[in-house]
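Participant: See my_file32.cif below, with mmCIF, N, CA and C atoms and all ligand atoms.
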```cif
data_data
loop_
_atom_site.label_atom_id
_atom_site.label_comp_id
_atom_site.auth_asym_id
_atom_site.auth_seq_id
_atom_site.Cartn_x
_atom_site.Cartn_y
_atom_site.Cartn_z
N MET A 6 9.60 6.21 3.82
CA MET A 6 8.23 5.76 3.54
C MET A 6 7.39 6.94 3.01
N LYS A 7 6.68 6.66 1.92
CA LYS A 7 5.90 7.74 1.30
C LYS A 7 4.44 7.27 1.12
N ILE A 8 3.51 8.01 1.65
CA ILE A 8 2.12 7.57 1.53
C ILE A 8 1.25 8.64 0.84
N LEU A 9 0.25 8.12 0.15
CA LEU A 9 -0.69 8.97 -0.59
C LEU A 9 -2.04 8.91 0.11
N ILE A 10 -2.60 10.07 0.41
CA ILE A 10 -3.92 10.12 1.04
C ILE A 10 -4.90 10.66 -0.01
N ILE A 11 -5.89 9.85 -0.35
CA ILE A 11 -6.85 10.22 -1.40
C ILE A 11 -8.22 10.44 -0.77
N ASN A 12 -8.83 11.55 -1.10
CA ASN A 12 -10.19 11.85 -0.65
C ASN A 12 -11.10 12.04 -1.86
N GLY A 13 -12.21 11.35 -1.83
CA GLY A 13 -13.14 11.36 -2.96
C GLY A 13 -14.15 12.50 -2.92
N PRO A 14 -15.21 12.35 -3.72
CA PRO A 14 -16.16 13.43 -3.97
C PRO A 14 -16.86 13.98 -2.72
N ASN A 15 -17.00 15.28 -2.73
CA ASN A 15 -17.74 16.05 -1.73
C ASN A 15 -17.02 16.20 -0.39
N LEU A 16 -15.87 15.56 -0.26
CA LEU A 16 -15.13 15.74 1.00
C LEU A 16 -14.52 17.14 1.07
N ASN A 17 -14.36 17.77 -0.09
CA ASN A 17 -13.92 19.18 -0.10
C ASN A 17 -14.97 20.10 0.54
N LEU A 18 -16.20 19.59 0.70
CA LEU A 18 -17.27 20.42 1.29
C LEU A 18 -17.50 20.11 2.77
N LEU A 19 -16.54 19.43 3.39
CA LEU A 19 -16.68 19.18 4.83
C LEU A 19 -16.89 20.51 5.55
N GLY A 20 -17.67 20.47 6.60
CA GLY A 20 -18.00 21.71 7.33
C GLY A 20 -19.36 22.20 6.90
N LEU A 21 -19.52 22.27 5.57
CA LEU A 21 -20.80 22.70 4.99
C LEU A 21 -21.74 21.50 4.86
N ARG A 22 -21.15 20.38 4.55
CA ARG A 22 -21.87 19.18 4.15
C ARG A 22 -22.39 18.39 5.36
N GLU A 23 -23.69 18.25 5.49
CA GLU A 23 -24.30 17.42 6.53
C GLU A 23 -23.48 17.38 7.82
N PRO A 24 -23.38 18.54 8.50
CA PRO A 24 -22.51 18.60 9.69
C PRO A 24 -22.94 17.64 10.80
N GLU A 25 -24.23 17.26 10.79
CA GLU A 25 -24.70 16.31 11.83
C GLU A 25 -24.06 14.93 11.63
N ILE A 26 -23.60 14.67 10.41
CA ILE A 26 -22.93 13.38 10.13
C ILE A 26 -21.41 13.54 10.12
N TYR A 27 -20.95 14.61 9.44
CA TYR A 27 -19.50 14.72 9.19
C TYR A 27 -18.80 15.75 10.08
N GLY A 28 -19.58 16.45 10.93
CA GLY A 28 -18.98 17.43 11.83
C GLY A 28 -18.88 18.81 11.21
N SER A 29 -18.44 19.77 12.00
CA SER A 29 -18.44 21.16 11.54
C SER A 29 -17.07 21.63 11.06
N ARG A 30 -16.04 20.80 11.21
CA ARG A 30 -14.72 21.21 10.74
C ARG A 30 -14.60 21.05 9.23
N ASN A 31 -13.81 21.92 8.60
CA ASN A 31 -13.75 21.92 7.14
C ASN A 31 -12.60 21.06 6.60
N TYR A 32 -12.50 21.03 5.25
CA TYR A 32 -11.51 20.15 4.61
C TYR A 32 -10.08 20.55 4.97
N SER A 33 -9.87 21.85 5.12
CA SER A 33 -8.49 22.25 5.44
C SER A 33 -8.12 21.81 6.85
N ALA A 34 -9.10 21.73 7.77
CA ALA A 34 -8.83 21.20 9.12
C ALA A 34 -8.47 19.72 9.02
N LEU A 35 -9.16 19.00 8.13
CA LEU A 35 -8.84 17.57 7.95
C LEU A 35 -7.41 17.42 7.41
N CYS A 36 -7.07 18.27 6.43
CA CYS A 36 -5.70 18.19 5.85
C CYS A 36 -4.66 18.48 6.92
N SER A 37 -4.93 19.44 7.82
CA SER A 37 -3.97 19.74 8.90
C SER A 37 -3.77 18.53 9.80
N LEU A 38 -4.87 17.84 10.12
CA LEU A 38 -4.77 16.63 10.96
C LEU A 38 -3.95 15.55 10.24
N ILE A 39 -4.18 15.40 8.96
CA ILE A 39 -3.44 14.39 8.18
C ILE A 39 -1.95 14.75 8.17
N GLU A 40 -1.66 16.04 7.92
CA GLU A 40 -0.26 16.49 7.87
C GLU A 40 0.44 16.22 9.20
N LYS A 41 -0.25 16.56 10.30
CA LYS A 41 0.33 16.38 11.63
C LYS A 41 0.59 14.89 11.88
N SER A 42 -0.38 14.05 11.54
CA SER A 42 -0.23 12.60 11.77
C SER A 42 0.99 12.07 11.01
N CYS A 43 1.17 12.50 9.77
CA CYS A 43 2.29 12.02 8.96
C CYS A 43 3.61 12.56 9.49
N GLU A 44 3.60 13.84 9.86
CA GLU A 44 4.84 14.45 10.35
C GLU A 44 5.30 13.81 11.65
N GLU A 45 4.34 13.49 12.53
CA GLU A 45 4.69 12.82 13.81
C GLU A 45 5.39 11.48 13.57
N LEU A 46 4.99 10.81 12.49
CA LEU A 46 5.59 9.50 12.18
C LEU A 46 6.84 9.63 11.30
N GLY A 47 7.11 10.84 10.85
CA GLY A 47 8.26 11.05 9.95
C GLY A 47 8.03 10.46 8.57
N VAL A 48 6.78 10.46 8.15
CA VAL A 48 6.41 9.85 6.88
C VAL A 48 6.23 10.95 5.82
N GLU A 49 6.75 10.72 4.63
CA GLU A 49 6.48 11.65 3.51
C GLU A 49 5.06 11.40 3.03
N TYR A 50 4.39 12.44 2.55
CA TYR A 50 2.98 12.24 2.18
C TYR A 50 2.56 13.22 1.09
N GLU A 51 1.49 12.84 0.42
CA GLU A 51 0.79 13.77 -0.48
C GLU A 51 -0.69 13.59 -0.23
N ILE A 52 -1.42 14.69 -0.19
CA ILE A 52 -2.87 14.63 -0.02
C ILE A 52 -3.52 15.02 -1.34
N TYR A 53 -4.48 14.22 -1.78
CA TYR A 53 -5.13 14.46 -3.07
C TYR A 53 -6.64 14.35 -2.88
N GLN A 54 -7.38 15.30 -3.44
CA GLN A 54 -8.84 15.22 -3.40
C GLN A 54 -9.38 15.42 -4.81
N SER A 55 -10.36 14.59 -5.18
CA SER A 55 -11.02 14.80 -6.47
C SER A 55 -12.47 14.37 -6.38
N ASN A 56 -13.28 15.05 -7.18
CA ASN A 56 -14.70 14.69 -7.29
C ASN A 56 -14.94 13.76 -8.48
N HIS A 57 -13.85 13.34 -9.15
CA HIS A 57 -13.98 12.60 -10.41
C HIS A 57 -13.38 11.20 -10.31
N GLU A 58 -14.17 10.23 -10.65
CA GLU A 58 -13.75 8.83 -10.53
C GLU A 58 -12.48 8.55 -11.35
N GLY A 59 -12.49 8.97 -12.61
CA GLY A 59 -11.35 8.69 -13.50
C GLY A 59 -10.07 9.36 -13.00
N ALA A 60 -10.21 10.54 -12.42
CA ALA A 60 -9.02 11.23 -11.89
C ALA A 60 -8.45 10.45 -10.71
N ILE A 61 -9.31 9.85 -9.92
CA ILE A 61 -8.84 9.04 -8.78
C ILE A 61 -8.16 7.77 -9.31
N VAL A 62 -8.73 7.17 -10.34
CA VAL A 62 -8.10 6.00 -10.97
C VAL A 62 -6.72 6.38 -11.50
N ASP A 63 -6.61 7.51 -12.18
CA ASP A 63 -5.31 7.98 -12.70
C ASP A 63 -4.30 8.17 -11.57
N LYS A 64 -4.78 8.77 -10.48
CA LYS A 64 -3.88 9.04 -9.34
C LYS A 64 -3.36 7.72 -8.76
N ILE A 65 -4.23 6.73 -8.63
CA ILE A 65 -3.81 5.41 -8.10
C ILE A 65 -2.81 4.77 -9.07
N GLN A 66 -3.09 4.82 -10.36
CA GLN A 66 -2.16 4.23 -11.34
C GLN A 66 -0.80 4.91 -11.26
N ASN A 67 -0.80 6.23 -11.13
CA ASN A 67 0.47 6.98 -11.10
C ASN A 67 1.22 6.78 -9.78
N ALA A 68 0.53 6.23 -8.78
CA ALA A 68 1.19 5.97 -7.49
C ALA A 68 2.12 4.77 -7.57
N TYR A 69 1.95 3.96 -8.62
CA TYR A 69 2.77 2.75 -8.77
C TYR A 69 4.25 3.10 -8.80
N SER A 70 5.00 2.44 -7.94
CA SER A 70 6.45 2.62 -7.77
C SER A 70 6.84 4.03 -7.27
N THR A 71 5.89 4.80 -6.83
CA THR A 71 6.18 6.12 -6.24
C THR A 71 5.79 6.15 -4.77
N PHE A 72 4.66 5.54 -4.44
CA PHE A 72 4.17 5.53 -3.06
C PHE A 72 4.22 4.12 -2.49
N ASP A 73 4.50 4.04 -1.18
CA ASP A 73 4.56 2.74 -0.50
C ASP A 73 3.19 2.31 0.01
N GLY A 74 2.32 3.26 0.24
CA GLY A 74 1.01 2.93 0.80
C GLY A 74 -0.01 4.01 0.46
N ILE A 75 -1.27 3.64 0.58
CA ILE A 75 -2.37 4.56 0.27
C ILE A 75 -3.37 4.53 1.42
N VAL A 76 -3.83 5.71 1.82
CA VAL A 76 -5.02 5.82 2.68
C VAL A 76 -6.08 6.46 1.80
N ILE A 77 -7.22 5.81 1.69
CA ILE A 77 -8.26 6.35 0.79
C ILE A 77 -9.62 6.41 1.46
N ASN A 78 -10.25 7.58 1.32
CA ASN A 78 -11.67 7.70 1.61
C ASN A 78 -12.34 7.92 0.25
N PRO A 79 -12.85 6.87 -0.37
CA PRO A 79 -13.41 7.02 -1.71
C PRO A 79 -14.78 7.71 -1.72
N ALA A 80 -15.27 8.06 -0.52
CA ALA A 80 -16.58 8.73 -0.38
C ALA A 80 -17.65 7.90 -1.10
N ALA A 81 -18.51 8.53 -1.89
CA ALA A 81 -19.62 7.78 -2.51
C ALA A 81 -19.13 6.70 -3.47
N TYR A 82 -17.91 6.88 -4.03
CA TYR A 82 -17.39 5.84 -4.94
C TYR A 82 -17.09 4.53 -4.23
N THR A 83 -17.01 4.58 -2.89
CA THR A 83 -16.86 3.37 -2.08
C THR A 83 -17.86 2.30 -2.52
N HIS A 84 -19.10 2.78 -2.72
CA HIS A 84 -20.23 1.87 -2.90
C HIS A 84 -20.54 1.56 -4.36
N THR A 85 -19.81 2.19 -5.27
CA THR A 85 -20.15 2.04 -6.69
C THR A 85 -18.97 1.69 -7.60
N SER A 86 -17.74 1.97 -7.14
CA SER A 86 -16.65 2.00 -8.13
C SER A 86 -15.82 0.72 -8.21
N ILE A 87 -16.13 -0.09 -9.22
CA ILE A 87 -15.28 -1.24 -9.53
C ILE A 87 -13.97 -0.73 -10.14
N ALA A 88 -14.03 0.42 -10.81
CA ALA A 88 -12.82 0.98 -11.44
C ALA A 88 -11.76 1.33 -10.38
N ILE A 89 -12.18 1.90 -9.27
CA ILE A 89 -11.22 2.24 -8.21
C ILE A 89 -10.71 0.95 -7.56
N LEU A 90 -11.59 0.00 -7.32
CA LEU A 90 -11.16 -1.31 -6.80
C LEU A 90 -10.11 -1.94 -7.72
N ASP A 91 -10.41 -1.96 -9.01
CA ASP A 91 -9.49 -2.59 -9.97
C ASP A 91 -8.14 -1.86 -10.01
N ALA A 92 -8.16 -0.54 -9.91
CA ALA A 92 -6.91 0.23 -9.93
C ALA A 92 -6.06 -0.13 -8.70
N LEU A 93 -6.71 -0.24 -7.54
CA LEU A 93 -5.97 -0.59 -6.31
C LEU A 93 -5.38 -1.99 -6.43
N LYS A 94 -6.17 -2.90 -7.01
CA LYS A 94 -5.67 -4.27 -7.19
C LYS A 94 -4.53 -4.29 -8.21
N ALA A 95 -4.65 -3.49 -9.25
CA ALA A 95 -3.63 -3.48 -10.31
C ALA A 95 -2.27 -3.04 -9.77
N VAL A 96 -2.25 -1.98 -8.96
CA VAL A 96 -0.96 -1.47 -8.50
C VAL A 96 -0.47 -2.22 -7.26
N SER A 97 -1.38 -2.93 -6.58
CA SER A 97 -1.01 -3.74 -5.39
C SER A 97 -0.29 -2.92 -4.31
N ILE A 98 -0.67 -1.71 -4.13
CA ILE A 98 -0.07 -0.88 -3.07
C ILE A 98 -0.91 -1.08 -1.81
N PRO A 99 -0.28 -1.43 -0.67
CA PRO A 99 -1.06 -1.61 0.55
C PRO A 99 -1.94 -0.39 0.84
N THR A 100 -3.21 -0.66 1.07
CA THR A 100 -4.20 0.42 1.18
C THR A 100 -5.06 0.26 2.42
N VAL A 101 -5.24 1.36 3.14
CA VAL A 101 -6.19 1.39 4.25
C VAL A 101 -7.34 2.30 3.84
N GLU A 102 -8.54 1.79 4.02
CA GLU A 102 -9.76 2.54 3.68
C GLU A 102 -10.25 3.25 4.94
N VAL A 103 -10.68 4.48 4.79
CA VAL A 103 -11.19 5.22 5.94
C VAL A 103 -12.50 5.91 5.59
N HIS A 104 -13.41 5.94 6.56
CA HIS A 104 -14.67 6.69 6.45
C HIS A 104 -14.88 7.48 7.73
N ILE A 105 -15.31 8.71 7.56
CA ILE A 105 -15.57 9.56 8.73
C ILE A 105 -16.75 9.00 9.52
N SER A 106 -17.80 8.63 8.81
CA SER A 106 -19.00 8.10 9.46
C SER A 106 -18.93 6.58 9.52
N ASP A 107 -19.86 6.00 10.25
CA ASP A 107 -19.96 4.54 10.31
C ASP A 107 -20.89 4.08 9.19
N ILE A 108 -20.31 3.64 8.09
CA ILE A 108 -21.13 3.31 6.91
C ILE A 108 -22.03 2.09 7.15
N ASN A 109 -21.75 1.35 8.21
CA ASN A 109 -22.61 0.19 8.51
C ASN A 109 -23.88 0.55 9.25
N SER A 110 -23.93 1.75 9.79
CA SER A 110 -25.12 2.11 10.57
C SER A 110 -25.94 3.21 9.88
N ARG A 111 -25.76 3.33 8.56
CA ARG A 111 -26.52 4.34 7.82
C ARG A 111 -27.43 3.65 6.82
N ASP A 112 -27.56 4.23 5.62
CA ASP A 112 -28.44 3.63 4.60
C ASP A 112 -27.93 2.24 4.21
N GLU A 113 -28.86 1.39 3.80
CA GLU A 113 -28.51 0.04 3.32
C GLU A 113 -27.44 0.09 2.24
N PHE A 114 -27.59 1.04 1.27
CA PHE A 114 -26.67 1.07 0.13
C PHE A 114 -25.25 1.46 0.50
N ARG A 115 -25.06 1.96 1.71
CA ARG A 115 -23.69 2.32 2.14
C ARG A 115 -22.97 1.15 2.79
N LYS A 116 -23.69 0.06 3.03
CA LYS A 116 -23.07 -1.05 3.78
C LYS A 116 -22.04 -1.82 2.97
N PHE A 117 -22.18 -1.79 1.65
CA PHE A 117 -21.22 -2.53 0.82
C PHE A 117 -20.12 -1.59 0.32
N SER A 118 -18.89 -2.02 0.46
CA SER A 118 -17.75 -1.26 -0.04
C SER A 118 -16.93 -2.11 -1.01
N TYR A 119 -16.85 -1.66 -2.26
CA TYR A 119 -15.97 -2.34 -3.22
C TYR A 119 -14.52 -2.23 -2.79
N VAL A 120 -14.15 -1.04 -2.31
CA VAL A 120 -12.74 -0.78 -1.97
C VAL A 120 -12.26 -1.69 -0.85
N SER A 121 -13.16 -2.08 0.04
CA SER A 121 -12.73 -2.95 1.16
C SER A 121 -12.21 -4.29 0.64
N LEU A 122 -12.57 -4.65 -0.60
CA LEU A 122 -12.09 -5.91 -1.17
C LEU A 122 -10.59 -5.85 -1.49
N ALA A 123 -10.06 -4.63 -1.55
CA ALA A 123 -8.62 -4.48 -1.83
C ALA A 123 -7.86 -3.92 -0.63
N ALA A 124 -8.58 -3.54 0.42
CA ALA A 124 -7.93 -2.86 1.55
C ALA A 124 -7.41 -3.85 2.59
N ILE A 125 -6.29 -3.51 3.20
CA ILE A 125 -5.77 -4.37 4.29
C ILE A 125 -6.57 -4.12 5.56
N LYS A 126 -7.26 -2.96 5.63
CA LYS A 126 -8.00 -2.60 6.84
C LYS A 126 -8.99 -1.50 6.48
N THR A 127 -10.12 -1.48 7.16
CA THR A 127 -11.09 -0.39 7.00
C THR A 127 -11.34 0.24 8.36
N VAL A 128 -11.23 1.57 8.41
CA VAL A 128 -11.47 2.32 9.64
C VAL A 128 -12.71 3.17 9.40
N MET A 129 -13.69 3.10 10.30
CA MET A 129 -14.91 3.90 10.07
C MET A 129 -15.52 4.36 11.38
N GLY A 130 -16.26 5.46 11.29
CA GLY A 130 -17.05 5.91 12.43
C GLY A 130 -16.27 6.64 13.51
N LEU A 131 -15.03 7.00 13.22
CA LEU A 131 -14.21 7.69 14.24
C LEU A 131 -14.07 9.18 13.95
N GLY A 132 -14.87 9.69 13.01
CA GLY A 132 -14.73 11.10 12.64
C GLY A 132 -13.37 11.34 11.98
N PHE A 133 -12.90 12.59 12.09
CA PHE A 133 -11.61 12.94 11.48
C PHE A 133 -10.48 12.08 12.06
N ASP A 134 -10.60 11.69 13.34
CA ASP A 134 -9.54 10.90 13.99
C ASP A 134 -9.28 9.58 13.29
N GLY A 135 -10.27 9.12 12.53
CA GLY A 135 -10.11 7.88 11.77
C GLY A 135 -8.91 7.96 10.82
N TYR A 136 -8.61 9.16 10.33
CA TYR A 136 -7.46 9.31 9.43
C TYR A 136 -6.16 9.05 10.17
N ARG A 137 -6.08 9.53 11.41
CA ARG A 137 -4.87 9.29 12.22
C ARG A 137 -4.71 7.78 12.45
N VAL A 138 -5.83 7.14 12.78
CA VAL A 138 -5.80 5.69 13.01
C VAL A 138 -5.38 4.97 11.72
N ALA A 139 -5.96 5.37 10.60
CA ALA A 139 -5.66 4.73 9.31
C ALA A 139 -4.18 4.90 8.95
N ILE A 140 -3.65 6.10 9.14
CA ILE A 140 -2.24 6.37 8.82
C ILE A 140 -1.34 5.52 9.73
N ASN A 141 -1.69 5.43 10.99
CA ASN A 141 -0.91 4.59 11.93
C ASN A 141 -0.97 3.12 11.55
N GLU A 142 -2.14 2.64 11.18
CA GLU A 142 -2.29 1.24 10.75
C GLU A 142 -1.39 0.96 9.55
N LEU A 143 -1.43 1.88 8.58
CA LEU A 143 -0.62 1.71 7.37
C LEU A 143 0.86 1.74 7.70
N TYR A 144 1.24 2.69 8.55
CA TYR A 144 2.64 2.83 8.96
C TYR A 144 3.12 1.54 9.62
N ASN A 145 2.31 0.99 10.54
CA ASN A 145 2.70 -0.25 11.24
C ASN A 145 2.82 -1.40 10.26
N TYR A 146 1.90 -1.47 9.34
CA TYR A 146 1.92 -2.54 8.33
C TYR A 146 3.19 -2.43 7.46
N LEU A 147 3.50 -1.22 7.02
CA LEU A 147 4.65 -1.02 6.13
C LEU A 147 5.98 -1.15 6.88
N SER A 148 5.94 -0.96 8.19
CA SER A 148 7.18 -1.05 8.98
C SER A 148 7.56 -2.48 9.31
N LYS A 149 6.62 -3.41 9.12
CA LYS A 149 6.88 -4.81 9.50
C LYS A 149 7.98 -5.44 8.65
C1 LIG B 201 -18.03 8.63 3.61
C2 LIG B 201 -19.26 7.72 3.64
C3 LIG B 201 -19.87 7.56 2.24
O1 LIG B 201 -21.01 6.73 2.30
C4 LIG B 201 -20.29 8.92 1.70
O2 LIG B 201 -20.79 8.80 0.39
C5 LIG B 201 -19.22 9.93 1.79
C6 LIG B 201 -18.33 9.96 2.96
C7 LIG B 201 -17.47 8.89 5.01
O3 LIG B 201 -16.36 9.38 5.10
O4 LIG B 201 -18.15 8.65 6.01
O5 LIG B 201 -19.10 10.78 0.93
O6 LIG B 201 -17.00 7.97 2.87
#
```
Translate this structure into structure tokens?
Ligand code: DQA
Facilitator:
Amino acid sequence: MKILIINGPNLNLLGLREPEIYGSRNYSALCSLIEKSCEELGVEYEIYQSNHEGAIVDKIQNAYSTFDGIVINPAAYTHTSIAILDALKAVSIPTVEVHISDINSRDEFRKFSYVSLAAIKTVMGLGFDGYRVAINELYNYLSK
């Protein structure tokens, strides 16, 4: 089983970025948690981060027939990107959406997620641990 973990814009600035919302740990700490979660399950993985919508679309397209599942935190593109939604639908790769914060209890504009229309599950509000939960959810789904 091979899974792709995609992180969208500004997640590379974790630690620096609004620590009251996203915590004080940095992006490399998040990557370590992701690596550990995948290794514990014996899952092959790749972690990808981009601040560019088109690059994320390209990455999803290139995942076709290479990856069995996707965990994605589209960050701000969650609320704006039909292109990312369409790419996920096009490749039909089982996808779990994850958010560090609880997007339902913040600004009104964060309540809607395009990506959730293609996701088998959305995990939010659990901080970095949400990635572990998302990876486990995907693993269980793909193992069925
Ligand atoms: C986020 C929530 C989004 O609303 C925001 O734009 C982000 C991060 C989260 O992980 O909580 O960049 O996806």
Participant: Using all atoms of range 55-59 of chain A that appear in the file, construct an axis-aligned enclosing box with 3 Å of padding on every side and provide its centre coordinates and edge lengths in Å, rounded to one decimal, as AutoDock Vina command-line options.
Facilitator:
```
--center_x -12.5 --center_y 11.8 --center_z -9.3 --size_x 10.9 --size_y 12.5 --size_z 14.3
```
Participant: Hey, which residues come within 10 Å of ligand LIG 201 (chain B) if we count only C-alpha atoms and all ligand atoms? Could you give them as number ranges by chain?
Facilitator: A: 12-19, 22, 26-27, 77-85, 102-109, 111-112, 114-118, 128-133, 135-136
Participant: Run DSSP on the backbone and grab whatever in range 82-111 of chain A lands in helix (DSSP H, G or I); send it over as a PyMOL selection string.
Facilitator: chain A and resi 82-84+87-96+108-110
Participant: Please tell me which residues are no farther than 10 Å from (-7.6, -3.0, 5.0) in the file, counting only C-alpha atoms, and write them as a ChimeraX atom specification.
Facilitator: /A:76,99-103,120-128,139,142-143
Participant: Between atom C of Lys7 in chain A and CA of Glu51 in chain A, measure the distance and give it in Å to one decimal.
Facilitator: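 So the two atoms, atom C of Lys7 in chain A and CA of Glu51 in chain A, lie 7.6 Å apart.
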Participant: For Ala92 in chain A, which of A:Ala68, A:Leu35, A:Ile75, A:Val62 is the closest residue, counting all atoms listed in the file?
Facilitator: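 Smallest distance to Ala92 in chain A is found for A:Val62.
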Participant: Please work out which residues fall within 8 Å of (-5.8, 11.6, 9.3), coordinates as given in the file, with all atoms listed in the file counting, and return them as a PyMOL selection string.
Facilitator: chain A and resi 35-43+133-141
Participant: Counting only C-alpha atoms, figure out which residue out of A:Ala34, A:Tyr119, A:Asp63, A:Asp73 gets nearest to Gly20 in chain A.
Facilitator: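 Of A:Ala34, A:Tyr119, A:Asp63, A:Asp73, the one nearest Gly20 in chain A, counting only C-alpha atoms, is A:Ala34.
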Participant: Please, can range 38-52 of chain A be completed to N, CA, C and O atoms and returned as a short mmCIF file (atom, residue, chain, number, x, y, z; two decimals), in the frame of the given file?
Facilitator:
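File result10.cif, as written:
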```cif
data_model
loop_
_atom_site.label_atom_id
_atom_site.label_comp_id
_atom_site.auth_asym_id
_atom_site.auth_seq_id
_atom_site.Cartn_x
_atom_site.Cartn_y
_atom_site.Cartn_z
N LEU A 38 -4.87 17.84 10.12
CA LEU A 38 -4.77 16.63 10.96
C LEU A 38 -3.95 15.55 10.24
O LEU A 38 -3.10 14.90 10.86
N ILE A 39 -4.18 15.40 8.96
CA ILE A 39 -3.44 14.39 8.18
C ILE A 39 -1.95 14.75 8.17
O ILE A 39 -1.09 13.90 8.41
N GLU A 40 -1.66 16.04 7.92
CA GLU A 40 -0.26 16.49 7.87
C GLU A 40 0.44 16.22 9.20
O GLU A 40 1.54 15.68 9.23
N LYS A 41 -0.25 16.56 10.30
CA LYS A 41 0.33 16.38 11.63
C LYS A 41 0.59 14.89 11.88
O LYS A 41 1.66 14.52 12.38
N SER A 42 -0.38 14.05 11.54
CA SER A 42 -0.23 12.60 11.77
C SER A 42 0.99 12.07 11.01
O SER A 42 1.75 11.26 11.54
N CYS A 43 1.17 12.50 9.77
CA CYS A 43 2.29 12.02 8.96
C CYS A 43 3.61 12.56 9.49
O CYS A 43 4.60 11.83 9.58
N GLU A 44 3.60 13.84 9.86
CA GLU A 44 4.84 14.45 10.35
C GLU A 44 5.30 13.81 11.65
O GLU A 44 6.48 13.57 11.86
N GLU A 45 4.34 13.49 12.53
CA GLU A 45 4.69 12.82 13.81
C GLU A 45 5.39 11.48 13.57
O GLU A 45 6.24 11.08 14.34
N LEU A 46 4.99 10.81 12.49
CA LEU A 46 5.59 9.50 12.18
C LEU A 46 6.84 9.63 11.30
O LEU A 46 7.50 8.63 11.01
N GLY A 47 7.11 10.84 10.85
CA GLY A 47 8.26 11.05 9.95
C GLY A 47 8.03 10.46 8.57
O GLY A 47 8.97 10.01 7.91
N VAL A 48 6.78 10.46 8.15
CA VAL A 48 6.41 9.85 6.88
C VAL A 48 6.23 10.95 5.82
O VAL A 48 5.64 11.99 6.10
N GLU A 49 6.75 10.72 4.63
CA GLU A 49 6.48 11.65 3.51
C GLU A 49 5.06 11.40 3.03
O GLU A 49 4.61 10.24 3.01
N TYR A 50 4.39 12.44 2.55
CA TYR A 50 2.98 12.24 2.18
C TYR A 50 2.56 13.22 1.09
O TYR A 50 3.18 14.28 0.89
N GLU A 51 1.49 12.84 0.42
CA GLU A 51 0.79 13.77 -0.48
C GLU A 51 -0.69 13.59 -0.23
O GLU A 51 -1.17 12.46 -0.07
N ILE A 52 -1.42 14.69 -0.19
CA ILE A 52 -2.87 14.63 -0.02
C ILE A 52 -3.52 15.02 -1.34
O ILE A 52 -3.13 16.03 -1.95
#
```
